[in-house]
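*Asks:* Quick one: the structure is below, and I'll ask about it shortly.
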Amino acid sequence: MRFMMLYKPGRETTTPPTQQEMADMGRFIEEMAASGVLIATDGLQHSSKGARVRIEGGKFTVTDGPFTETKELVAGYAIVQARSKQEAVELAKRFLTVVGEGESEIRLMHDVPAFDSTAEPGKPGERQTAGTGANR
């Protein structure tokens with residue numbers, strides 16, 4: 001099963017992580033990748049470099065960052081291949097131990113990706129799953 005894990009730190013800072021924090025996260029990411037659990041992960045830059053786009057009543061509203069409500073602010077994500085939701089929860093606990101605070105929202109993804117960049121163009125329905133850890 002694939003899970004999307006969204007990291008919400010509960011605050012936003014412009015202070016970059018320390019070398020030790022980067023090393024600790026690097027080891028955790030390497031471990032997850034080596035075990036075949038990690039499909040993708042990345043951190044997000046400060047909300048001042050982003051925007052929110054909303055449609056309501058057929059009209060668009062674009063709000064440039066920074067965003068004042070930091071409780072729901074997403075600072076990073078990971079897509080993991082886990083045997084169960086409980087295994088994904090355990091991975092989230094390990095991640096939160098490395099970062100020290102915040103929360104991780106875990107969401108089960110659909111069985112078949114909506115887009116597969118490895119699929120041959122023009123052949124819908126013939127999706128490749130190489131590299132997704134489907135054998136876990």
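Labels for the structure tokens follow display order: chains A, B, ..., residues from 1 in each chain, ligands from 1.
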Can you tell me, as a list in words, which residues in stretch 71-122 of chain A count as helix (DSSP H, G or I) by DSSP?
*Replies:*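 Here are the helix (DSSP H, G or I) residues of stretch 71-122 of chain A: Lys85, Gln86, Glu87, Ala88, Val89, Glu90, Leu91, Ala92, Lys93, Arg94, Phe95, Leu96, Thr97, Val98 and Val99 of chain A.
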*Asks:* Taking only residues of stretch 87-119 of chain A that have an atom at most 10 Å from an atom of stretch 64-76 of chain A, what is each one's shortest atom pair and its distance in Å to one decimal, using only C-alpha atoms, in chain and number order, as a Markdown table?
*Replies:*
```
| residue | atom | partner | partner_atom | distance |
| --- | --- | --- | --- | --- |
| A:Gly102 | CA | A:Lys71 | CA | 9.3 |
| A:Glu103 | CA | A:Lys71 | CA | 9.7 |
| A:Ser104 | CA | A:Val74 | CA | 9.3 |
| A:Glu105 | CA | A:Val74 | CA | 9.6 |
```
*Asks:* Could you go through chain A and tell me which residues DSSP, when run on the backbone, assigns to strand (DSSP E), listing them as a count of residues only?
*Replies:* 37
*Asks:* Using atom CA of A:Thr97 and atom CA of A:Ala40 as the two end points, give the distance in Å to one decimal.
*Replies:*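 Calculated distance between atom CA of A:Thr97 and atom CA of A:Ala40 is 19.5 Å.
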*Asks:* Using atom CA of A:Arg11 and atom CA of A:Phe28 as the two end points, give the distance in Å to one decimal.
*Replies:*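 Atom CA of A:Phe28 lies at a distance of 22.4 Å from atom CA of A:Arg11.
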*Asks:* Would you mind telling me which residue in A:Thr61, A:Ala51, A:Ile79, A:Ala23 lies nearest to A:Gly36 when using only C-alpha atoms?
*Replies:*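 Once distances to A:Gly36 are computed over only C-alpha atoms, the minimum belongs to A:Ile79.
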*Asks:* Quick one: of A:Arg94, A:Lys85, A:Lys49, A:Lys59, who's nearest to A:Arg27, counting only C-alpha atoms?
*Replies:*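 Nearest to A:Arg27: A:Arg94.
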*Asks:* Tell me, as a PyMOL selection string, which residues lie within 9 Å of A:Met25, counting only C-alpha atoms; anything in the same chain fewer than 3 positions away does not count.
*Replies:* chain A and resi 20-22+28-30+95+98-99
*Asks:* Pick the closest to A:Thr63 from A:Glu31, A:Asp24, A:Ser47, A:Val80: which is it, counting only C-alpha atoms?
*Replies:*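 Going through A:Glu31, A:Asp24, A:Ser47, A:Val80 one by one, the smallest distance to A:Thr63 is for A:Ser47.
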